[in-house]
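Next comes run.txt, a file with compact mmCIF, C-alpha atoms.
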# COMPACT_ATOMS: atom_id res chain seq x y z
CA MET A 244 19.84 5.33 -13.26
CA PRO A 245 20.33 1.84 -14.68
CA SER A 246 19.76 1.27 -18.37
CA LEU A 247 19.51 -2.03 -20.15
CA HIS A 248 20.25 -2.84 -23.75
CA VAL A 249 18.55 -5.92 -25.18
CA GLN A 250 19.30 -7.57 -28.51
CA TYR A 251 17.29 -10.62 -29.43
CA GLY A 252 16.23 -11.53 -32.95
CA ARG A 253 14.76 -8.37 -34.43
CA VAL A 254 14.51 -6.70 -31.02
CA ASP A 255 17.11 -4.03 -30.36
CA ALA A 256 15.97 -1.82 -27.51
CA LEU A 257 17.27 0.35 -24.72
CA LEU A 258 15.29 0.47 -21.49
CA THR A 259 15.75 2.85 -18.57
CA GLU A 260 14.27 2.97 -15.05
CA SER A 261 14.90 0.10 -12.67
CA ALA A 262 11.28 -0.96 -12.15
CA THR A 263 10.62 -0.91 -15.90
CA ILE A 264 13.70 -3.06 -16.52
CA SER A 265 12.80 -5.58 -13.82
CA ARG A 266 9.19 -5.88 -14.97
CA PHE A 267 10.25 -6.21 -18.60
CA LEU A 268 12.67 -9.06 -17.79
CA ALA A 269 10.18 -10.82 -15.52
CA ASP A 270 7.51 -10.61 -18.24
CA ALA A 271 9.82 -11.64 -21.10
CA PHE A 272 11.10 -14.70 -19.23
CA PRO A 273 8.20 -16.04 -17.15
CA SER A 274 9.49 -17.37 -13.85
CA HIS A 275 8.85 -17.79 -10.15
CA LEU A 276 9.07 -13.99 -9.73
CA ILE A 277 5.58 -13.09 -10.99
CA PRO A 278 2.76 -15.10 -12.64
CA THR A 279 2.20 -14.48 -16.34
CA ALA A 280 -0.84 -12.30 -17.05
CA GLY A 281 -3.81 -13.75 -18.90
CA SER A 282 -6.14 -15.13 -16.25
CA VAL A 283 -8.10 -13.52 -13.45
CA GLU A 284 -6.09 -15.35 -10.77
CA SER A 285 -2.70 -14.39 -12.14
CA ALA A 286 -3.84 -10.82 -12.77
CA LEU A 287 -4.91 -10.63 -9.13
CA ALA A 288 -1.54 -11.93 -7.93
CA ARG A 289 0.19 -9.35 -10.13
CA ALA A 290 -2.07 -6.59 -8.83
CA ARG A 291 -1.22 -7.55 -5.23
CA ILE A 292 2.50 -7.24 -5.95
CA ASP A 293 1.99 -3.92 -7.78
CA PHE A 294 -0.05 -2.50 -4.91
CA PHE A 295 2.51 -3.56 -2.32
CA VAL A 296 5.45 -2.09 -4.27
CA ASP A 297 3.57 1.13 -4.92
CA THR A 298 2.53 1.55 -1.29
CA TYR A 299 6.07 0.96 -0.05
CA GLU A 300 7.59 3.39 -2.55
CA VAL A 301 5.17 6.22 -1.89
CA LYS A 302 4.48 5.87 1.83
CA ILE A 303 7.68 4.38 3.25
CA HIS A 304 10.62 5.05 0.94
CA ASP A 305 9.86 8.68 0.10
CA HIS A 306 9.02 9.35 3.74
CA GLY A 307 12.28 7.74 4.87
CA MET A 308 14.31 9.85 2.44
CA GLY A 309 12.67 12.93 3.95
CA MET A 310 14.65 12.21 7.11
CA MET A 311 17.75 13.57 5.34
CA ARG A 312 16.31 17.09 5.55
CA LEU A 313 16.06 16.99 9.34
CA THR A 314 18.93 18.26 11.41
CA ASN A 315 18.32 17.19 15.01
CA ASP A 316 17.69 13.79 16.54
CA ALA A 317 14.36 14.64 18.20
CA GLU A 318 12.85 15.63 14.86
CA ARG A 319 14.27 12.52 13.23
CA GLU A 320 12.83 10.32 15.93
CA ALA A 321 9.35 11.80 15.52
CA HIS A 322 9.65 11.44 11.75
CA PHE A 323 10.70 7.81 12.06
CA ASP A 324 7.89 7.07 14.50
CA THR A 325 5.29 8.12 11.94
CA MET A 326 7.06 5.87 9.42
CA VAL A 327 6.85 2.88 11.76
CA ASP A 328 3.15 3.63 12.30
CA THR A 329 2.64 3.58 8.53
CA ILE A 330 4.47 0.25 8.25
CA LYS A 331 2.21 -1.09 11.00
CA SER A 332 -1.04 0.08 9.41
CA GLU A 333 -0.31 -0.13 5.65
CA ILE A 334 2.48 -2.66 5.06
CA GLU A 335 2.02 -5.29 7.74
CA PRO A 336 -1.53 -6.37 6.72
CA MET A 337 -0.12 -7.23 3.26
CA LEU A 338 2.70 -9.32 4.75
CA GLU A 339 0.62 -11.38 7.15
CA ASP A 340 0.48 -14.41 4.81
CA ALA A 341 4.17 -14.18 3.84
CA ALA A 342 5.68 -17.67 4.16
CA PRO A 343 8.46 -16.77 3.98
CA PHE A 344 8.07 -14.48 0.94
CA PHE A 345 5.26 -12.29 -0.35
CA ALA A 346 1.79 -13.91 -0.55
CA GLY A 347 2.96 -17.27 0.80
CA SER A 348 5.58 -17.80 -1.91
CA LYS A 349 8.43 -20.22 -1.15
CA THR A 350 10.70 -18.39 -3.61
CA PRO A 351 11.33 -14.65 -3.94
CA THR A 352 8.76 -12.66 -5.90
CA LEU A 353 8.98 -9.36 -7.75
CA ALA A 354 7.85 -7.68 -4.52
CA GLU A 355 11.09 -8.79 -2.83
CA VAL A 356 13.15 -7.91 -5.89
CA LEU A 357 11.78 -4.35 -6.13
CA ILE A 358 11.63 -3.53 -2.41
CA GLY A 359 14.45 -5.71 -1.06
CA PRO A 360 17.35 -3.43 -2.08
CA PHE A 361 15.91 -0.63 0.09
CA VAL A 362 15.18 -2.96 3.01
CA LEU A 363 18.69 -4.39 2.78
CA ARG A 364 20.26 -0.93 2.78
CA ALA A 365 18.08 0.46 5.56
CA HIS A 366 19.05 -2.45 7.80
CA THR A 367 22.73 -2.39 6.85
CA TYR A 368 22.94 1.32 7.65
CA SER A 369 21.20 0.99 11.01
CA ARG A 370 23.29 -2.07 11.97
CA SER A 371 26.54 -0.27 11.12
CA GLY A 372 25.57 2.87 13.04
CA LEU A 373 25.24 5.12 10.00
CA THR A 374 21.68 6.05 11.01
CA PRO A 375 20.63 6.95 14.60
CA PRO A 376 20.53 3.93 16.97
CA PHE A 377 16.84 4.26 17.89
CA ILE A 378 15.85 3.11 14.40
CA HIS A 379 16.93 -0.46 15.06
CA GLU A 380 14.97 -0.65 18.32
CA ARG A 381 11.78 0.72 16.79
CA TYR A 382 11.43 -2.20 14.37
CA SER A 383 10.41 -4.44 17.29
CA ARG A 384 7.09 -2.61 17.10
CA CYS A 385 6.35 -4.21 13.72
CA PRO A 386 7.26 -7.90 14.12
CA VAL A 387 5.53 -9.09 10.93
CA TYR A 388 7.49 -6.66 8.78
CA TRP A 389 10.68 -7.44 10.71
CA LYS A 390 10.33 -11.19 10.12
CA TRP A 391 9.79 -10.66 6.40
CA ALA A 392 12.71 -8.23 6.22
CA GLN A 393 15.00 -10.78 7.87
CA GLU A 394 13.99 -13.40 5.30
CA VAL A 395 14.67 -10.94 2.48
CA ILE A 396 18.09 -10.01 3.85
CA GLU A 397 19.30 -13.48 4.75
CA ASN A 398 17.72 -15.94 2.35
CA ILE A 399 17.99 -14.52 -1.16
CA PRO A 400 21.46 -15.36 -2.51
CA SER A 401 21.09 -13.28 -5.67
CA PHE A 402 21.09 -10.12 -3.52
CA TYR A 403 24.73 -10.68 -2.69
CA VAL A 404 26.15 -11.19 -6.17
CA THR A 405 26.64 -7.46 -6.75
CA TRP A 406 26.19 -6.02 -3.22
CA ASP A 407 29.35 -5.46 -1.24
CA GLU A 408 28.62 -4.16 2.25
CA LYS A 409 31.96 -2.41 2.81
CA GLU A 410 32.00 -0.68 -0.56
CA GLY A 411 28.33 0.23 -0.29
CA LEU A 412 28.81 1.79 3.14
CA ALA A 413 31.92 3.73 2.06
CA SER A 414 30.26 5.16 -1.03
CA VAL A 415 27.01 6.02 0.75
CA LYS A 416 28.92 7.87 3.48
CA VAL A 417 30.48 10.13 0.84
CA ARG A 418 27.17 10.68 -0.92
CA MET A 419 25.24 11.25 2.32
CA ALA A 420 27.71 13.96 3.38
CA GLU A 421 27.45 15.63 -0.05
CA HIS A 422 23.67 15.37 0.03
CA ARG A 423 23.46 16.81 3.56
CA ALA A 424 25.67 19.74 2.55
CA MET A 425 23.48 20.38 -0.48
CA VAL A 426 20.25 20.18 1.54
CA ARG A 427 21.73 22.56 4.13
CA LYS A 428 22.55 25.03 1.37
CA GLN A 429 19.00 24.77 0.00
CA VAL A 430 17.47 25.29 3.43
CA GLU A 431 19.71 28.32 4.04
CA ALA A 432 18.80 29.78 0.65
CA GLU A 433 15.10 29.32 1.42
CA ARG A 434 15.54 30.98 4.81
CA ALA A 435 17.43 33.89 3.25
CA LYS A 436 14.65 34.33 0.71
CA ILE A 437 11.98 34.39 3.45
CA GLU A 438 14.04 36.87 5.48
CA ALA A 439 14.50 39.10 2.44
CA VAL A 440 10.75 39.10 1.81
CA ALA A 441 10.04 39.83 5.48
CA GLU A 442 12.54 42.72 5.48
CA LYS A 443 11.05 44.14 2.30
CA SER A 444 7.52 44.10 3.72
CA LYS A 445 8.85 45.63 6.93
CA GLY A 446 10.45 48.44 4.92
CA GLU A 447 7.19 49.01 3.06
CA GLN A 448 5.30 49.19 6.35
CA VAL A 449 7.77 51.77 7.62
CA THR A 450 7.44 53.93 4.49
CA GLY A 451 3.66 53.46 4.65
CA ALA A 452 3.66 54.79 8.19
CA GLY A 453 5.81 57.74 7.09
CA VAL A 454 3.33 58.73 4.41
CA MET B 84 30.18 -13.77 3.46
CA VAL B 85 29.05 -13.82 -0.15
CA VAL B 86 30.18 -17.42 -0.53
CA ARG B 87 28.32 -18.43 2.62
CA HIS B 88 25.11 -16.95 1.26
CA GLN B 89 25.53 -18.57 -2.09
CA TRP B 90 26.05 -22.07 -0.78
CA ARG B 91 24.02 -22.23 2.39
CA CYS B 92 20.88 -20.50 1.25
CA THR B 93 18.80 -22.50 -1.15
CA TYR B 94 15.06 -22.58 -1.31
CA PRO B 95 14.00 -25.83 0.37
CA GLY B 96 11.45 -27.92 -1.42
CA SER B 97 11.62 -25.89 -4.60
CA SER B 98 12.29 -27.11 -8.09
CA PHE B 99 14.70 -24.23 -8.63
CA VAL B 100 17.39 -25.56 -6.33
CA LEU B 101 19.39 -27.18 -9.11
CA SER B 102 19.19 -24.14 -11.33
CA TYR B 103 20.36 -21.97 -8.45
CA ALA B 104 23.27 -24.25 -7.70
CA TYR B 105 24.28 -24.15 -11.35
CA THR B 106 23.79 -20.42 -11.65
CA HIS B 107 25.86 -19.61 -8.60
CA PHE B 108 28.56 -22.04 -9.64
CA ALA B 109 28.72 -20.12 -12.89
CA PHE B 110 28.93 -16.81 -10.99
CA ARG B 111 31.88 -18.06 -9.00
CA ARG B 112 33.73 -18.93 -12.17
CA SER B 113 32.80 -15.72 -13.98
CA LYS B 114 35.54 -13.92 -15.88
CA ILE B 115 36.02 -10.26 -16.61
CA HIS B 116 36.57 -9.35 -20.24
CA ASN B 117 37.83 -6.03 -21.50
CA MET B 118 35.61 -5.65 -24.53
CA PRO B 119 32.47 -7.24 -25.87
CA THR B 120 33.06 -9.13 -29.10
CA ASN B 121 30.51 -7.02 -30.94
CA GLY B 122 29.76 -3.43 -29.99
CA TYR B 123 26.56 -1.63 -29.14
CA SER B 124 24.39 -1.25 -32.18
CA ILE B 125 22.19 1.33 -30.48
CA ASN B 126 25.01 3.77 -31.00
CA SER B 127 27.70 1.81 -32.69
CA SER B 128 29.74 4.75 -33.92
CA ASP B 129 33.43 4.12 -33.31
CA ASP B 130 33.90 6.75 -30.62
CA VAL B 131 31.30 5.13 -28.36
CA ASN B 132 33.04 1.77 -28.49
CA ARG B 133 36.45 3.32 -28.01
CA ASN B 134 35.17 5.20 -24.99
CA VAL B 135 33.68 2.08 -23.47
CA SER B 136 37.01 0.30 -23.63
CA SER B 137 38.99 3.26 -22.34
CA THR B 138 36.73 4.08 -19.39
CA ASN B 139 38.27 2.93 -16.15
CA GLY B 140 34.94 2.33 -14.44
CA SER B 141 33.56 -0.16 -16.94
CA GLU B 142 33.95 -3.88 -16.60
CA LEU B 143 32.36 -6.15 -19.08
CA THR B 144 31.37 -9.48 -17.67
CA ARG B 145 29.38 -12.35 -19.00
CA ASP B 146 28.31 -14.25 -15.90
CA VAL B 147 26.17 -17.04 -17.25
CA PRO B 148 27.19 -18.56 -20.59
CA SER B 149 24.38 -18.58 -23.13
CA GLY B 150 22.90 -22.03 -23.58
CA THR B 151 22.88 -22.54 -19.80
CA GLN B 152 19.89 -24.49 -18.61
CA VAL B 153 17.61 -22.41 -16.39
CA HIS B 154 14.07 -22.76 -15.10
CA TRP B 155 11.44 -20.38 -16.36
CA ASN B 156 7.86 -20.97 -15.35
CA GLY B 157 8.82 -24.33 -13.90
CA ASN B 158 10.11 -25.64 -17.25
CA GLU B 159 13.69 -26.30 -18.14
CA ARG B 160 14.78 -23.93 -20.87
CA ARG B 161 17.97 -22.79 -22.44
CA VAL B 162 19.16 -19.21 -22.57
CA PRO B 163 18.81 -18.28 -26.27
CA GLU B 164 22.16 -18.15 -28.05
CA ASP B 165 21.41 -14.81 -29.74
CA LEU B 166 20.17 -13.04 -26.61
CA ARG B 167 22.48 -10.20 -25.66
CA ILE B 168 21.78 -8.12 -22.58
CA THR B 169 23.97 -5.22 -21.50
CA ILE B 170 23.35 -3.36 -18.28
CA PHE B 171 24.81 0.09 -17.55
CA ALA B 172 24.65 0.68 -13.80
CA ASP B 173 26.36 1.08 -10.43
CA HIS B 174 26.55 -1.82 -7.98
CA GLY B 175 25.93 0.49 -5.00
CA CYS B 176 22.69 2.03 -6.26
CA PRO B 177 19.54 0.38 -4.85
CA PHE B 178 17.61 1.01 -8.05
CA ALA B 179 20.28 -0.70 -10.14
CA HIS B 180 20.28 -3.52 -7.58
CA ARG B 181 16.68 -4.31 -8.57
CA ALA B 182 17.72 -4.93 -12.16
CA TYR B 183 20.73 -7.05 -11.13
CA ILE B 184 18.62 -9.21 -8.80
CA THR B 185 16.07 -9.80 -11.57
CA LEU B 186 18.82 -10.88 -13.97
CA HIS B 187 20.31 -13.25 -11.39
CA GLU B 188 16.95 -14.70 -10.34
CA LEU B 189 16.16 -15.46 -13.98
CA GLY B 190 19.64 -16.83 -14.64
CA LEU B 191 20.16 -14.60 -17.67
CA PRO B 192 23.61 -13.90 -19.10
CA TYR B 193 24.50 -10.22 -19.28
CA GLU B 194 27.33 -7.80 -19.81
CA ASP B 195 27.96 -5.41 -16.98
CA VAL B 196 29.17 -1.87 -17.69
CA LEU B 197 29.84 -0.02 -14.45
CA ILE B 198 28.85 3.65 -14.25
CA ASP B 199 30.28 5.45 -11.23
CA LEU B 200 27.54 7.37 -9.42
CA ASN B 201 30.03 9.56 -7.59
CA LYS B 202 31.43 11.00 -10.81
CA PRO B 203 29.66 12.98 -13.51
CA ARG B 204 28.43 10.85 -16.40
CA GLU B 205 30.87 10.25 -19.24
CA PRO B 206 29.84 11.79 -22.58
CA TRP B 207 29.62 8.36 -24.23
CA TYR B 208 27.12 7.26 -21.58
CA LEU B 209 25.03 10.37 -21.95
CA LYS B 210 24.82 9.57 -25.65
CA ILE B 211 23.37 6.18 -24.75
CA ASN B 212 21.15 7.45 -21.97
CA PRO B 213 20.74 11.24 -21.91
CA VAL B 214 18.19 11.19 -19.08
CA SER B 215 20.44 9.02 -17.02
CA SER B 216 19.50 10.15 -13.55
CA SER B 217 15.76 10.57 -13.28
CA LYS B 218 15.49 7.94 -10.56
CA THR B 219 18.62 7.51 -8.51
CA CYS B 220 19.11 7.31 -4.81
CA PHE B 221 20.17 10.94 -4.67
CA ARG B 222 18.12 12.47 -7.38
CA LEU B 223 18.93 16.17 -7.20
CA GLN B 224 22.65 15.84 -6.91
CA ASN B 225 23.01 13.47 -9.83
CA THR B 226 20.76 15.48 -12.08
CA ARG B 227 22.91 18.50 -11.45
CA LYS B 228 26.12 16.59 -12.11
CA ALA B 229 24.77 15.07 -15.29
CA LEU B 230 23.66 18.46 -16.49
CA THR B 231 27.08 19.92 -15.74
CA ALA B 232 28.74 17.14 -17.71
CA ARG B 233 26.37 17.68 -20.60
CA ARG B 234 27.02 21.39 -20.65
CA ALA B 235 30.74 20.75 -20.70
CA MET B 236 30.41 18.54 -23.77

Can you turn what I pasted into structure tokens?
Amino acid sequence: MPSLHVQYGRVDALLTESATISRFLADAFPSHLIPTAGSVESALARARIDFFVDTYEVKIHDHGMGMMRLTNDAEREAHFDTMVDTIKSEIEPMLEDAAPFFAGSKTPTLAEVLIGPFVLRAHTYSRSGLTPPFIHERYSRCPVYWKWAQEVIENIPSFYVTWDEKEGLASVKVRMAEHRAMVRKQVEAERAKIEAVAEKSKGEQVTGAGV
Amino acid sequence: MVVRHQWRCTYPGSSFVLSYAYTHFAFRRSKIHNMPTNGYSINSSDDVNRNVSSTNGSELTRDVPSGTQVHWNGNERRVPEDLRITIFADHGCPFAHRAYITLHELGLPYEDVLIDLNKPREPWYLKINPVSSSKTCFRLQNTRKALTARRAM
């Protein structure tokens, strides 16, 4: 969604996609967020961050969003359990040397910048009771991730310049309800389609028997 | 709560402490302007600028004055005077949050144009960014809304 317009000297460009924007800014203005490319060591540090962000996006975030499709709590619980298992096996090994931030960094890195917003929201929602209560308890099973998540939520001041918990919760409640209604409609449409196909084949069988 | 975070949480033992203190002091004093002094040259036709100023959802802020001293790569540097960054986004969206955090961590000045996620995109915004919703928190819904708004244009 976000787009960024940059004017600087002869540069006049419009960028879209959040990750692209963040990476562009971090590369244009070298900082504590990510080492500048150009040596084997820095390339390795960059690759570590990339791999972490990618793993989280594909295996945790997309999986977590899949919970929206589920209608009852038992299904959601099973779904969340597999997510916690993935955190345990795929995410925690990468966070073992976090002190307090990614790869032993004292200051936030691009890994925190790109993943933090989702961690912050997930924890805000579960703390405020927007998501089922078991979610909060389950995190005790992955203490390494939990410790890192707490650091991300509490100790990065720049997270709170634009984030307003009350407003965020109010707007996500509206959007969650809309999204649920839409998903329900989709599921019903799919079911109707399947039923129609089943009825058609049934009819064909009947006529087949008649002939 | 925001104030508590800004003043209590610094990064101990880091050389960025001063820059953070300065940056967050600047944030606290930030002002909201109604219009940027010069418009958007990506699409600087008059109707785009008029629409920006007339849209209720857009606030244009310049948080850090250019020329502010910040730390990049451990060195003290100044934000270039002719650097102009404008971000079009929603404060609630986690994807937009990534871009905001990066800007704040780097101490860059920027203008903030708010785009309400819960409403269909305004035509002037779709002119700037026609594929505005490929990666939002609620992908399907927003794509549909954006498409509806485009069709209505």

Could you pull the residues within 8 Å of stretch 382-387 of chain A, counting all atoms listed in the file, minus those fewer than 5 positions along the same chain, as a ChimeraX atom specification? /A:327,330-331,335,338-339

Got a sec to pull out which chain A residues are within 7 Å of chain B, counting all atoms listed in the file, and send them as a VMD selection string? chain A and resid 244 to 252 260 to 261 264 to 265 272 to 275 350 356 to 357 360 to 361 398 400 to 403 405 to 406 411

Six-sided padding of 3 Å per side, axis-aligned box over stretch 330-337 of chain A, centre and edges in Å, one decimal, as AutoDock Vina command-line options:
--center_x 1.5 --center_y -3.5 --center_z 7.1 --size_x 12.0 --size_y 13.5 --size_z 13.7

Could you jot down the atom CA of A:Ile396 to atom CA of A:Asp270 separation for me, Å, one decimal place?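 That distance, rounded to one decimal, is 24.5 Å.
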
Exercise: A:Thr279 partners within 12 Å, only C-alpha atoms, chain neighbours under 2 positions left out, as a VMD selection string: (chain A and resid 266 to 277 281 to 290) or (chain B and resid 155 to 156)

Work out how far atom CA of A:Leu363 is from atom CA of A:Lys409, in Å to one decimal.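 The value is 13.4 Å.
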
Expressed in Å to a single decimal, how great is the separation between atom CA of A:Met425 and atom CA of A:Met311? 10.6 Å

Please provide the set of residues having any atom within 10 Å of A:Phe345, restricted to only C-alpha atoms, with same-chain residues fewer than 2 positions apart removed, written as a tab-separated table (two decimals) with C-alpha atoms, keeping the file's coordinate frame.
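File written: around_16.tsv
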chain	number	residue	atom	x	y	z
A	291	ARG	CA	-1.22	-7.55	-5.23
A	292	ILE	CA	2.50	-7.24	-5.95
A	295	PHE	CA	2.51	-3.56	-2.32
A	337	MET	CA	-0.12	-7.23	3.26
A	338	LEU	CA	2.70	-9.32	4.75
A	339	GLU	CA	0.62	-11.38	7.15
A	340	ASP	CA	0.48	-14.41	4.81
A	341	ALA	CA	4.17	-14.18	3.84
A	342	ALA	CA	5.68	-17.67	4.16
A	343	PRO	CA	8.46	-16.77	3.98
A	347	GLY	CA	2.96	-17.27	0.80
A	348	SER	CA	5.58	-17.80	-1.91
A	349	LYS	CA	8.43	-20.22	-1.15
A	350	THR	CA	10.70	-18.39	-3.61
A	351	PRO	CA	11.33	-14.65	-3.94
A	352	THR	CA	8.76	-12.66	-5.90
A	353	LEU	CA	8.98	-9.36	-7.75
A	354	ALA	CA	7.85	-7.68	-4.52
A	355	GLU	CA	11.09	-8.79	-2.83
A	391	TRP	CA	9.79	-10.66	6.40
A	395	VAL	CA	14.67	-10.94	2.48

Which residues, written as a ChimeraX atom specification, have at least one atom at most 12 Å from stretch 318-323 of chain A, with only C-alpha atoms counted and residues fewer than 6 positions away on the same chain left out? /A:303-312,329-330,374-382

Dump C-alpha atoms for the selected residues as a PDB file, in the frame of the given file?
ATOM      1  CA  ILE A 303       7.680   4.380   3.250  1.00  0.00           C
ATOM      2  CA  HIS A 304      10.620   5.050   0.940  1.00  0.00           C
ATOM      3  CA  ASP A 305       9.860   8.680   0.100  1.00  0.00           C
ATOM      4  CA  HIS A 306       9.020   9.350   3.740  1.00  0.00           C
ATOM      5  CA  GLY A 307      12.280   7.740   4.870  1.00  0.00           C
ATOM      6  CA  MET A 308      14.310   9.850   2.440  1.00  0.00           C
ATOM      7  CA  GLY A 309      12.670  12.930   3.950  1.00  0.00           C
ATOM      8  CA  MET A 310      14.650  12.210   7.110  1.00  0.00           C
ATOM      9  CA  MET A 311      17.750  13.570   5.340  1.00  0.00           C
ATOM     10  CA  ARG A 312      16.310  17.090   5.550  1.00  0.00           C
ATOM     11  CA  THR A 329       2.640   3.580   8.530  1.00  0.00           C
ATOM     12  CA  ILE A 330       4.470   0.250   8.250  1.00  0.00           C
ATOM     13  CA  THR A 374      21.680   6.050  11.010  1.00  0.00           C
ATOM     14  CA  PRO A 375      20.630   6.950  14.600  1.00  0.00           C
ATOM     15  CA  PRO A 376      20.530   3.930  16.970  1.00  0.00           C
ATOM     16  CA  PHE A 377      16.840   4.260  17.890  1.00  0.00           C
ATOM     17  CA  ILE A 378      15.850   3.110  14.400  1.00  0.00           C
ATOM     18  CA  HIS A 379      16.930  -0.460  15.060  1.00  0.00           C
ATOM     19  CA  GLU A 380      14.970  -0.650  18.320  1.00  0.00           C
ATOM     20  CA  ARG A 381      11.780   0.720  16.790  1.00  0.00           C
ATOM     21  CA  TYR A 382      11.430  -2.200  14.370  1.00  0.00           C
TER      22      TYR A 382
END
